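Structure file protein.cif; described as mmCIF, C-alpha atoms and all ligand atoms.
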```cif
data_data
#
loop_
_atom_site.group_PDB
_atom_site.id
_atom_site.type_symbol
_atom_site.label_atom_id
_atom_site.label_comp_id
_atom_site.auth_asym_id
_atom_site.auth_seq_id
_atom_site.Cartn_x
_atom_site.Cartn_y
_atom_site.Cartn_z
ATOM 1 C CA MET A 1172 86.433 71.302 98.438
ATOM 2 C CA VAL A 1173 85.518 74.926 97.683
ATOM 3 C CA LEU A 1174 82.909 76.652 99.787
ATOM 4 C CA PHE A 1175 81.532 80.170 99.297
ATOM 5 C CA GLU A 1176 79.647 81.388 102.340
ATOM 6 C CA ASP A 1177 77.682 84.598 101.811
ATOM 7 C CA VAL A 1178 80.473 86.063 99.690
ATOM 8 C CA SER A 1179 80.283 89.589 98.310
ATOM 9 C CA LYS A 1180 82.767 91.726 96.428
ATOM 10 C CA VAL A 1181 82.385 95.479 96.209
ATOM 11 C CA TYR A 1182 85.161 97.155 94.187
ATOM 12 C CA GLU A 1183 86.654 100.432 95.375
ATOM 13 C CA ASP A 1184 84.506 102.431 92.954
ATOM 14 C CA GLY A 1185 81.385 100.951 94.550
ATOM 15 C CA THR A 1186 80.636 98.290 91.912
ATOM 16 C CA ARG A 1187 79.000 95.294 93.556
ATOM 17 C CA ALA A 1188 80.438 92.543 91.374
ATOM 18 C CA VAL A 1189 79.398 89.606 93.557
ATOM 19 C CA ASP A 1190 76.376 89.781 95.814
ATOM 20 C CA HIS A 1191 75.859 87.323 98.712
ATOM 21 C CA LEU A 1192 76.993 84.240 96.858
ATOM 22 C CA ASN A 1193 76.634 80.790 98.441
ATOM 23 C CA LEU A 1194 78.054 77.801 96.612
ATOM 24 C CA GLU A 1195 79.538 74.441 97.496
ATOM 25 C CA ILE A 1196 81.820 72.622 95.088
ATOM 26 C CA ALA A 1197 82.617 68.991 95.832
ATOM 27 C CA LYS A 1198 85.990 67.346 95.369
ATOM 28 C CA GLY A 1199 86.447 66.185 91.785
ATOM 29 C CA GLU A 1200 83.531 68.236 90.488
ATOM 30 C CA LEU A 1201 83.734 70.375 87.345
ATOM 31 C CA VAL A 1202 81.531 73.402 87.944
ATOM 32 C CA VAL A 1203 80.857 75.886 85.170
ATOM 33 C CA LEU A 1204 79.982 79.500 85.970
ATOM 34 C CA ILE A 1205 77.999 81.020 83.131
ATOM 35 C CA GLY A 1206 76.118 84.253 82.601
ATOM 36 C CA PRO A 1207 76.163 87.553 80.707
ATOM 37 C CA SER A 1208 79.276 89.702 80.560
ATOM 38 C CA GLY A 1209 79.760 91.625 83.810
ATOM 39 C CA CYS A 1210 77.704 89.253 85.985
ATOM 40 C CA GLY A 1211 80.665 88.528 88.267
ATOM 41 C CA LYS A 1212 82.125 85.263 86.948
ATOM 42 C CA THR A 1213 85.758 86.365 86.756
ATOM 43 C CA THR A 1214 85.572 88.145 90.094
ATOM 44 C CA THR A 1215 84.204 84.966 91.697
ATOM 45 C CA LEU A 1216 87.102 82.975 90.269
ATOM 46 C CA LYS A 1217 89.761 85.495 91.267
ATOM 47 C CA MET A 1218 88.580 85.497 94.861
ATOM 48 C CA VAL A 1219 89.435 81.794 95.158
ATOM 49 C CA ASN A 1220 93.157 82.369 94.568
ATOM 50 C CA ARG A 1221 93.043 85.804 96.175
ATOM 51 C CA LEU A 1222 93.834 87.831 93.097
ATOM 52 C CA GLU A 1223 90.876 89.727 94.554
ATOM 53 C CA ASP A 1224 89.788 89.552 98.156
ATOM 54 C CA CYS A 1225 86.127 89.316 99.027
ATOM 55 C CA THR A 1226 84.694 92.221 100.992
ATOM 56 C CA GLU A 1227 82.158 90.075 102.889
ATOM 57 C CA GLY A 1228 81.753 86.404 103.675
ATOM 58 C CA THR A 1229 84.183 83.496 103.726
ATOM 59 C CA ILE A 1230 85.749 81.240 101.121
ATOM 60 C CA LYS A 1231 87.145 77.890 102.185
ATOM 61 C CA VAL A 1232 89.383 75.605 100.141
ATOM 62 C CA GLY A 1233 89.803 72.129 101.581
ATOM 63 C CA GLY A 1234 88.112 73.308 104.784
ATOM 64 C CA GLN A 1235 90.638 76.118 105.278
ATOM 65 C CA ASP A 1236 89.606 79.806 105.319
ATOM 66 C CA ILE A 1237 91.706 81.244 102.485
ATOM 67 C CA THR A 1238 92.246 84.597 104.217
ATOM 68 C CA LYS A 1239 94.197 82.630 106.809
ATOM 69 C CA THR A 1240 96.446 81.064 104.153
ATOM 70 C CA ASP A 1241 99.514 82.780 102.699
ATOM 71 C CA PRO A 1242 98.413 83.828 99.158
ATOM 72 C CA VAL A 1243 101.669 82.558 97.629
ATOM 73 C CA LYS A 1244 101.199 79.118 99.170
ATOM 74 C CA LEU A 1245 97.521 79.161 98.253
ATOM 75 C CA ARG A 1246 98.322 79.812 94.581
ATOM 76 C CA ARG A 1247 100.729 76.881 94.419
ATOM 77 C CA ASN A 1248 97.803 74.671 95.340
ATOM 78 C CA ILE A 1249 95.388 76.274 92.877
ATOM 79 C CA GLY A 1250 96.019 76.025 89.141
ATOM 80 C CA TYR A 1251 94.939 78.985 87.036
ATOM 81 C CA VAL A 1252 94.333 79.154 83.282
ATOM 82 C CA ILE A 1253 93.061 82.238 81.494
ATOM 83 C CA GLN A 1254 91.901 82.934 77.949
ATOM 84 C CA GLU A 1255 95.260 84.022 76.556
ATOM 85 C CA THR A 1256 97.538 82.036 78.796
ATOM 86 C CA ALA A 1257 100.886 83.781 78.846
ATOM 87 C CA LEU A 1258 103.629 81.197 78.694
ATOM 88 C CA MET A 1259 107.098 82.514 79.480
ATOM 89 C CA PRO A 1260 108.370 83.181 75.932
ATOM 90 C CA HIS A 1261 112.057 82.511 76.642
ATOM 91 C CA LEU A 1262 111.392 79.217 78.458
ATOM 92 C CA SER A 1263 110.837 75.869 76.767
ATOM 93 C CA VAL A 1264 107.572 73.972 77.017
ATOM 94 C CA ALA A 1265 109.107 71.723 79.687
ATOM 95 C CA GLU A 1266 110.370 74.671 81.736
ATOM 96 C CA ASN A 1267 106.990 76.389 81.487
ATOM 97 C CA ILE A 1268 105.169 73.284 82.686
ATOM 98 C CA ALA A 1269 107.694 72.839 85.510
ATOM 99 C CA THR A 1270 107.171 76.323 86.990
ATOM 100 C CA VAL A 1271 105.320 75.336 90.164
ATOM 101 C CA PRO A 1272 107.118 72.000 90.778
ATOM 102 C CA ARG A 1273 110.384 73.989 90.669
ATOM 103 C CA LEU A 1274 109.100 76.538 93.156
ATOM 104 C CA LEU A 1275 108.112 73.623 95.361
ATOM 105 C CA GLY A 1276 111.660 72.247 95.143
ATOM 106 C CA TRP A 1277 110.869 68.960 93.415
ATOM 107 C CA LYS A 1278 113.875 66.879 92.348
ATOM 108 C CA LYS A 1279 114.952 67.215 88.710
ATOM 109 C CA SER A 1280 114.210 63.579 87.938
ATOM 110 C CA LYS A 1281 110.706 63.852 89.391
ATOM 111 C CA ILE A 1282 110.039 67.041 87.408
ATOM 112 C CA ARG A 1283 111.242 65.467 84.155
ATOM 113 C CA LYS A 1284 109.032 62.436 84.685
ATOM 114 C CA ARG A 1285 106.014 64.590 85.486
ATOM 115 C CA VAL A 1286 106.510 66.849 82.447
ATOM 116 C CA ASP A 1287 106.736 63.848 80.103
ATOM 117 C CA GLU A 1288 103.691 62.252 81.694
ATOM 118 C CA LEU A 1289 101.662 65.446 81.214
ATOM 119 C CA LEU A 1290 102.768 65.915 77.590
ATOM 120 C CA GLU A 1291 101.817 62.326 76.824
ATOM 121 C CA MET A 1292 98.477 62.796 78.534
ATOM 122 C CA ALA A 1293 97.816 65.728 76.170
ATOM 123 C CA GLY A 1294 98.881 63.749 73.110
ATOM 124 C CA LEU A 1295 102.101 65.701 72.586
ATOM 125 C CA ASP A 1296 105.213 63.584 72.014
ATOM 126 C CA PRO A 1297 107.665 64.671 74.750
ATOM 127 C CA ALA A 1298 110.679 64.021 72.517
ATOM 128 C CA ILE A 1299 109.339 66.641 70.104
ATOM 129 C CA TYR A 1300 107.677 69.167 72.365
ATOM 130 C CA ARG A 1301 109.826 69.280 75.510
ATOM 131 C CA TYR A 1302 112.336 71.747 74.058
ATOM 132 C CA ARG A 1303 110.016 73.840 71.913
ATOM 133 C CA LEU A 1304 109.566 77.514 72.653
ATOM 134 C CA PRO A 1305 106.039 78.901 72.972
ATOM 135 C CA ASP A 1306 106.177 80.738 69.633
ATOM 136 C CA GLN A 1307 106.807 77.398 67.910
ATOM 137 C CA LEU A 1308 103.387 76.188 68.996
ATOM 138 C CA SER A 1309 99.918 76.636 67.562
ATOM 139 C CA GLY A 1310 97.320 78.525 69.605
ATOM 140 C CA GLY A 1311 95.689 75.256 70.605
ATOM 141 C CA GLN A 1312 98.987 73.801 71.730
ATOM 142 C CA LYS A 1313 99.854 76.896 73.763
ATOM 143 C CA GLN A 1314 96.563 76.676 75.620
ATOM 144 C CA ARG A 1315 97.117 72.959 76.141
ATOM 145 C CA ILE A 1316 100.529 73.727 77.702
ATOM 146 C CA GLY A 1317 98.841 76.362 79.887
ATOM 147 C CA VAL A 1318 96.474 73.673 81.155
ATOM 148 C CA LEU A 1319 99.357 71.240 81.765
ATOM 149 C CA ARG A 1320 101.276 73.930 83.659
ATOM 150 C CA ALA A 1321 98.257 74.487 85.876
ATOM 151 C CA LEU A 1322 98.035 70.744 86.586
ATOM 152 C CA ALA A 1323 101.756 70.083 87.017
ATOM 153 C CA ALA A 1324 102.029 70.048 90.802
ATOM 154 C CA ASP A 1325 98.702 68.251 91.156
ATOM 155 C CA PRO A 1326 96.835 71.168 92.776
ATOM 156 C CA GLU A 1327 93.655 70.605 94.741
ATOM 157 C CA VAL A 1328 91.692 73.092 92.658
ATOM 158 C CA VAL A 1329 92.000 74.422 89.101
ATOM 159 C CA LEU A 1330 90.446 77.714 88.014
ATOM 160 C CA MET A 1331 89.793 78.172 84.304
ATOM 161 C CA ASP A 1332 88.631 81.524 82.932
ATOM 162 C CA GLU A 1333 87.399 81.039 79.341
ATOM 163 C CA PRO A 1334 90.457 78.868 78.720
ATOM 164 C CA PHE A 1335 89.381 77.939 75.184
ATOM 165 C CA GLY A 1336 87.692 81.248 74.333
ATOM 166 C CA ALA A 1337 90.379 82.484 71.968
ATOM 167 C CA LEU A 1338 90.652 79.258 69.948
ATOM 168 C CA ASP A 1339 89.146 78.380 66.612
ATOM 169 C CA PRO A 1340 86.145 76.007 66.799
ATOM 170 C CA ILE A 1341 88.163 72.900 65.918
ATOM 171 C CA ALA A 1342 90.933 73.468 68.473
ATOM 172 C CA ARG A 1343 88.266 74.424 70.989
ATOM 173 C CA GLU A 1344 86.370 71.200 70.528
ATOM 174 C CA LYS A 1345 89.570 69.186 70.739
ATOM 175 C CA LEU A 1346 90.535 70.759 74.053
ATOM 176 C CA GLN A 1347 87.017 70.374 75.455
ATOM 177 C CA ASN A 1348 87.181 66.661 74.636
ATOM 178 C CA GLU A 1349 90.611 66.388 76.238
ATOM 179 C CA LEU A 1350 89.312 68.043 79.377
ATOM 180 C CA ILE A 1351 86.408 65.593 79.531
ATOM 181 C CA GLN A 1352 88.842 62.683 79.108
ATOM 182 C CA LEU A 1353 91.114 64.124 81.768
ATOM 183 C CA GLN A 1354 88.222 64.428 84.210
ATOM 184 C CA LYS A 1355 87.446 60.742 83.746
ATOM 185 C CA THR A 1356 90.877 59.853 85.096
ATOM 186 C CA VAL A 1357 92.323 62.558 87.374
ATOM 187 C CA LYS A 1358 89.029 64.060 88.693
ATOM 188 C CA LYS A 1359 90.182 67.562 89.543
ATOM 189 C CA THR A 1360 88.033 70.077 91.319
ATOM 190 C CA ILE A 1361 87.585 72.644 88.559
ATOM 191 C CA ILE A 1362 85.788 75.976 88.423
ATOM 192 C CA PHE A 1363 85.384 76.903 84.776
ATOM 193 C CA VAL A 1364 84.089 80.234 83.482
ATOM 194 C CA THR A 1365 82.498 80.561 80.061
ATOM 195 C CA HIS A 1366 79.716 82.468 78.333
ATOM 196 C CA ASP A 1367 79.150 79.619 75.899
ATOM 197 C CA MET A 1368 76.168 77.464 76.932
ATOM 198 C CA ASP A 1369 77.072 74.682 74.489
ATOM 199 C CA GLU A 1370 80.480 74.440 76.124
ATOM 200 C CA ALA A 1371 78.916 74.412 79.605
ATOM 201 C CA LEU A 1372 76.406 71.702 78.675
ATOM 202 C CA LYS A 1373 79.164 69.607 77.187
ATOM 203 C CA ILE A 1374 81.766 69.664 79.965
ATOM 204 C CA ALA A 1375 80.009 70.518 83.258
ATOM 205 C CA ASP A 1376 79.057 68.281 86.157
ATOM 206 C CA LYS A 1377 77.164 71.264 87.513
ATOM 207 C CA ILE A 1378 76.204 74.571 85.890
ATOM 208 C CA VAL A 1379 75.846 77.771 87.909
ATOM 209 C CA LEU A 1380 73.898 80.502 86.130
ATOM 210 C CA MET A 1381 74.907 83.939 87.365
ATOM 211 C CA ARG A 1382 73.248 87.298 86.900
ATOM 212 C CA ARG A 1383 74.219 90.623 88.460
ATOM 213 C CA GLY A 1384 76.537 89.041 91.008
ATOM 214 C CA LYS A 1385 73.981 86.514 92.174
ATOM 215 C CA ILE A 1386 73.308 82.873 91.457
ATOM 216 C CA GLU A 1387 70.128 82.537 89.459
ATOM 217 C CA GLN A 1388 70.039 78.777 89.022
ATOM 218 C CA VAL A 1389 72.177 75.721 89.744
ATOM 219 C CA GLY A 1390 71.753 72.374 88.063
ATOM 220 C CA SER A 1391 73.239 69.541 86.085
ATOM 221 C CA PRO A 1392 73.386 69.895 82.298
ATOM 222 C CA GLU A 1393 70.387 67.516 82.136
ATOM 223 C CA ASP A 1394 68.363 69.720 84.551
ATOM 224 C CA LEU A 1395 69.088 72.827 82.527
ATOM 225 C CA GLN A 1396 68.245 71.206 79.217
ATOM 226 C CA GLN A 1397 64.882 70.104 80.618
ATOM 227 C CA ASN A 1398 64.032 73.493 82.185
ATOM 228 C CA PRO A 1399 65.903 76.111 80.195
HETATM 229 P P1 LIG B 1401 82.240 88.646 84.204
HETATM 230 O O1 LIG B 1401 83.456 87.826 84.408
HETATM 231 O O2 LIG B 1401 80.971 87.904 84.448
HETATM 232 O O3 LIG B 1401 82.213 89.349 82.877
HETATM 233 P P2 LIG B 1401 83.430 90.426 86.170
HETATM 234 O O4 LIG B 1401 83.618 89.644 87.403
HETATM 235 O O5 LIG B 1401 84.617 90.650 85.299
HETATM 236 O O6 LIG B 1401 82.237 89.794 85.322
HETATM 237 O O7 LIG B 1401 82.840 91.845 86.539
HETATM 238 C C1 LIG B 1401 81.719 92.009 87.400
HETATM 239 C C2 LIG B 1401 81.456 93.486 87.588
HETATM 240 O O8 LIG B 1401 82.533 94.064 88.295
HETATM 241 C C3 LIG B 1401 81.326 94.274 86.285
HETATM 242 O O9 LIG B 1401 80.366 95.286 86.479
HETATM 243 C C4 LIG B 1401 82.713 94.861 86.105
HETATM 244 O O10 LIG B 1401 82.654 96.046 85.362
HETATM 245 C C5 LIG B 1401 83.117 95.117 87.545
HETATM 246 N N1 LIG B 1401 84.579 95.089 87.767
HETATM 247 C C6 LIG B 1401 85.438 94.093 87.441
HETATM 248 N N2 LIG B 1401 86.689 94.379 87.824
HETATM 249 C C7 LIG B 1401 86.633 95.609 88.396
HETATM 250 C C8 LIG B 1401 87.589 96.478 89.014
HETATM 251 N N3 LIG B 1401 88.874 96.132 89.100
HETATM 252 N N4 LIG B 1401 87.153 97.654 89.500
HETATM 253 C C9 LIG B 1401 85.845 97.994 89.425
HETATM 254 N N5 LIG B 1401 84.891 97.233 88.892
HETATM 255 C C10 LIG B 1401 85.274 96.060 88.366
HETATM 256 P P1 LIG B 1402 96.601 72.429 66.179
HETATM 257 O O1 LIG B 1402 96.498 70.914 66.195
HETATM 258 O O2 LIG B 1402 96.718 72.950 67.586
HETATM 259 O O3 LIG B 1402 95.531 73.113 65.400
HETATM 260 P P2 LIG B 1402 98.318 73.496 64.046
HETATM 261 O O4 LIG B 1402 97.633 72.770 62.934
HETATM 262 O O5 LIG B 1402 98.091 74.955 64.165
HETATM 263 O O6 LIG B 1402 98.019 72.752 65.466
HETATM 264 O O7 LIG B 1402 99.920 73.258 63.912
HETATM 265 C C1 LIG B 1402 100.416 72.159 63.144
HETATM 266 C C2 LIG B 1402 101.807 71.784 63.586
HETATM 267 O O8 LIG B 1402 102.761 72.808 63.256
HETATM 268 C C3 LIG B 1402 101.917 71.595 65.068
HETATM 269 O O9 LIG B 1402 102.530 70.357 65.325
HETATM 270 C C4 LIG B 1402 102.790 72.753 65.555
HETATM 271 O O10 LIG B 1402 103.601 72.392 66.637
HETATM 272 C C5 LIG B 1402 103.624 73.061 64.352
HETATM 273 N N1 LIG B 1402 104.076 74.438 64.353
HETATM 274 C C6 LIG B 1402 103.314 75.551 64.376
HETATM 275 N N2 LIG B 1402 104.088 76.644 64.347
HETATM 276 C C7 LIG B 1402 105.387 76.208 64.322
HETATM 277 C C8 LIG B 1402 106.670 76.854 64.315
HETATM 278 N N3 LIG B 1402 106.781 78.172 64.319
HETATM 279 N N4 LIG B 1402 107.779 76.083 64.316
HETATM 280 C C9 LIG B 1402 107.687 74.748 64.322
HETATM 281 N N5 LIG B 1402 106.496 74.084 64.332
HETATM 282 C C10 LIG B 1402 105.376 74.803 64.332
#
```

Show me, as structure tokens, the structure contained in the file I just sent.
Ligand code: ADP
Ligand code: ADP
Amino acid sequence: MVLFEDVSKVYEDGTRAVDHLNLEIAKGELVVLIGPSGCGKTTTLKMVNRLEDCTEGTIKVGGQDITKTDPVKLRRNIGYVIQETALMPHLSVAENIATVPRLLGWKKSKIRKRVDELLEMAGLDPAIYRYRLPDQLSGGQKQRIGVLRALAADPEVVLMDEPFGALDPIAREKLQNELIQLQKTVKKTIIFVTHDMDEALKIADKIVLMRRGKIEQVGSPEDLQQNP
């Protein structure tokens, strides 16, 4: 589903953030990128939705070279969640979740149904939460809505950059468990960045250890626990 072929990123100041990276991510796989700060995790993620463009190599999503796809269209097919997900403060929870479906011109009735389905999936009663504004939510709930927004139009790929990093341990664990549950049913292709090995071991199908822009090791959580 996502293929990195000899991908490098050199920033304008000469920093080589990603260095000849090769990686294949299968459909429905949750891959965690982990490694020390500055090893190139965020840059790798941002190249997939073209918030940064790679300077060498090719990235394919669903077999399609992403440089040949309109970035706006590409981003509608790739959900994105960051550490402090910024919900639109003046829009309700439902309107925030509906952002991409609206851009795609879905019918109102279809959007309403989808929003309620997502809220229920996340254990939030739609009758209560639909009309709430972001500042009437806890941190955990805001992040949960950020995840639902990213999933709303059923994108092929979801990118998550330390999505639970700003949460307290209890909210964090709750959302990790919800993500695991979600993966049992919807099976999204997810690239998830963290620096927390416990989190990686808990949620990943495959863990990619990065160091200085390169992949140092790839394995399942079981592999990495046996040969740390
Ligand atoms: P990580 O997510 O693993 O912390 P990043 O991908 O953010 O790593 O950064 C990788 C390297 O690229 C670091 O050395 C960082 O300082 C550098 N870098 C990130 N963004 C930029 C930028 N816009 N311009 C120059 N260098 C950058
Ligand atoms: P979490 O389960 O994410 O840790 P909290 O314990 O922080 O949630 O929040 C408890 C409840 O209080 C939640 O249902 C949340 O929606 C509600 N809440 C938090 N802030 C407000 C607010 N400003 N107005 C109304 N309800 C709020």

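We find atom CA of A:Gly1384 and atom CA of A:Ile1230 to be spaced 15.7 Å apart.
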
Just say which residues the PyMOL selection byres (((chain A and resi 1235-1242) around 10) and not hetatm) picks in this file, as number ranges by chain. A: 1172-1174, 1218-1222, 1224-1225, 1229-1234, 1243-1248

Kindly export the residues of the current selection with C-alpha atoms, as a compact mmCIF listing (two decimals), keeping the file's coordinate frame.
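Final output, selection_5.txt:
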```
# COMPACT_ATOMS: atom_id res chain seq x y z
CA MET A 1172 86.43 71.30 98.44
CA VAL A 1173 85.52 74.93 97.68
CA LEU A 1174 82.91 76.65 99.79
CA MET A 1218 88.58 85.50 94.86
CA VAL A 1219 89.44 81.79 95.16
CA ASN A 1220 93.16 82.37 94.57
CA ARG A 1221 93.04 85.80 96.18
CA LEU A 1222 93.83 87.83 93.10
CA ASP A 1224 89.79 89.55 98.16
CA CYS A 1225 86.13 89.32 99.03
CA THR A 1229 84.18 83.50 103.73
CA ILE A 1230 85.75 81.24 101.12
CA LYS A 1231 87.14 77.89 102.18
CA VAL A 1232 89.38 75.60 100.14
CA GLY A 1233 89.80 72.13 101.58
CA GLY A 1234 88.11 73.31 104.78
CA VAL A 1243 101.67 82.56 97.63
CA LYS A 1244 101.20 79.12 99.17
CA LEU A 1245 97.52 79.16 98.25
CA ARG A 1246 98.32 79.81 94.58
CA ARG A 1247 100.73 76.88 94.42
CA ASN A 1248 97.80 74.67 95.34
```

Report, in Å with one decimal, the straight-line distance from atom CA of A:Pro1272 to atom CA of A:Ser1309.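 Computed distance, atom CA of A:Pro1272 to atom CA of A:Ser1309, equals 24.7 Å.
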
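Residues in contact with A:Val1286 at up to 8 Å, not including ones fewer than 3 positions away on its chain and judged by only C-alpha atoms, are Ala1265, Ile1268, Ala1269, Ile1282, Arg1283, Leu1289, Leu1290 and Ala1323 of chain A.
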
Expected file: the selected residues, C-alpha atoms, as a compact mmCIF listing (two decimals), keeping the file's coordinate frame:
```txt
# COMPACT_ATOMS: atom_id res chain seq x y z
CA ALA A 1265 109.11 71.72 79.69
CA ILE A 1268 105.17 73.28 82.69
CA ALA A 1269 107.69 72.84 85.51
CA ILE A 1282 110.04 67.04 87.41
CA ARG A 1283 111.24 65.47 84.16
CA LEU A 1289 101.66 65.45 81.21
CA LEU A 1290 102.77 65.92 77.59
CA ALA A 1323 101.76 70.08 87.02
```

Work out how far atom CA of A:Thr1356 is from atom CA of A:Lys1373, in Å to one decimal.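 Atom CA of A:Lys1373 sits 17.2 Å away from atom CA of A:Thr1356.
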
Residues picked by the PyMOL selection byres (((chain A and resi 1364) around 9) and not hetatm) here, as a tab-separated table (two decimals) with C-alpha atoms, in the frame of the given file?
```tsv
chain	number	residue	atom	x	y	z
A	1202	VAL	CA	81.53	73.40	87.94
A	1203	VAL	CA	80.86	75.89	85.17
A	1204	LEU	CA	79.98	79.50	85.97
A	1205	ILE	CA	78.00	81.02	83.13
A	1206	GLY	CA	76.12	84.25	82.60
A	1212	LYS	CA	82.12	85.26	86.95
A	1213	THR	CA	85.76	86.36	86.76
A	1216	LEU	CA	87.10	82.98	90.27
A	1330	LEU	CA	90.45	77.71	88.01
A	1331	MET	CA	89.79	78.17	84.30
A	1332	ASP	CA	88.63	81.52	82.93
A	1333	GLU	CA	87.40	81.04	79.34
A	1334	PRO	CA	90.46	78.87	78.72
A	1362	ILE	CA	85.79	75.98	88.42
A	1363	PHE	CA	85.38	76.90	84.78
A	1365	THR	CA	82.50	80.56	80.06
A	1366	HIS	CA	79.72	82.47	78.33
A	1371	ALA	CA	78.92	74.41	79.60
```

Per residue of chain A within 9 Å of ligand LIG 1402 (chain B), what are the shortest atom pair and its distance in Å to one decimal, counting only C-alpha atoms and all ligand atoms, with rows by chain and residue number, as CSV?
```
residue,atom,partner,partner_atom,distance
A:Leu1295,CA,B:LIG1402,O9,8.6
A:Ile1299,CA,B:LIG1402,O10,8.8
A:Tyr1300,CA,B:LIG1402,O10,7.7
A:Arg1303,CA,B:LIG1402,C9,8.0
A:Leu1304,CA,B:LIG1402,N4,8.6
A:Pro1305,CA,B:LIG1402,N3,8.7
A:Asp1306,CA,B:LIG1402,N3,5.9
A:Gln1307,CA,B:LIG1402,C8,3.6
A:Leu1308,CA,B:LIG1402,O10,4.5
A:Ser1309,CA,B:LIG1402,O5,4.2
A:Gly1310,CA,B:LIG1402,O2,6.0
A:Gly1311,CA,B:LIG1402,O2,3.9
A:Gln1312,CA,B:LIG1402,O2,4.8
A:Lys1313,CA,B:LIG1402,O2,8.0
A:Gln1314,CA,B:LIG1402,O2,8.9
A:Arg1315,CA,B:LIG1402,O2,8.6
A:Asp1339,CA,B:LIG1402,O3,8.4
A:Ile1341,CA,B:LIG1402,O3,7.4
A:Ala1342,CA,B:LIG1402,O3,5.5
A:Lys1345,CA,B:LIG1402,O1,8.5
```

Keeping only C-alpha atoms, write the selected residues as a compact mmCIF listing (two decimals), in the coordinates of the input.
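To be explicit, this is the file written out as again-v7.txt:
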```txt
# COMPACT_ATOMS: atom_id res chain seq x y z
CA LEU A 1295 102.10 65.70 72.59
CA ILE A 1299 109.34 66.64 70.10
CA TYR A 1300 107.68 69.17 72.36
CA ARG A 1303 110.02 73.84 71.91
CA LEU A 1304 109.57 77.51 72.65
CA PRO A 1305 106.04 78.90 72.97
CA ASP A 1306 106.18 80.74 69.63
CA GLN A 1307 106.81 77.40 67.91
CA LEU A 1308 103.39 76.19 69.00
CA SER A 1309 99.92 76.64 67.56
CA GLY A 1310 97.32 78.53 69.60
CA GLY A 1311 95.69 75.26 70.60
CA GLN A 1312 98.99 73.80 71.73
CA LYS A 1313 99.85 76.90 73.76
CA GLN A 1314 96.56 76.68 75.62
CA ARG A 1315 97.12 72.96 76.14
CA ASP A 1339 89.15 78.38 66.61
CA ILE A 1341 88.16 72.90 65.92
CA ALA A 1342 90.93 73.47 68.47
CA LYS A 1345 89.57 69.19 70.74
```
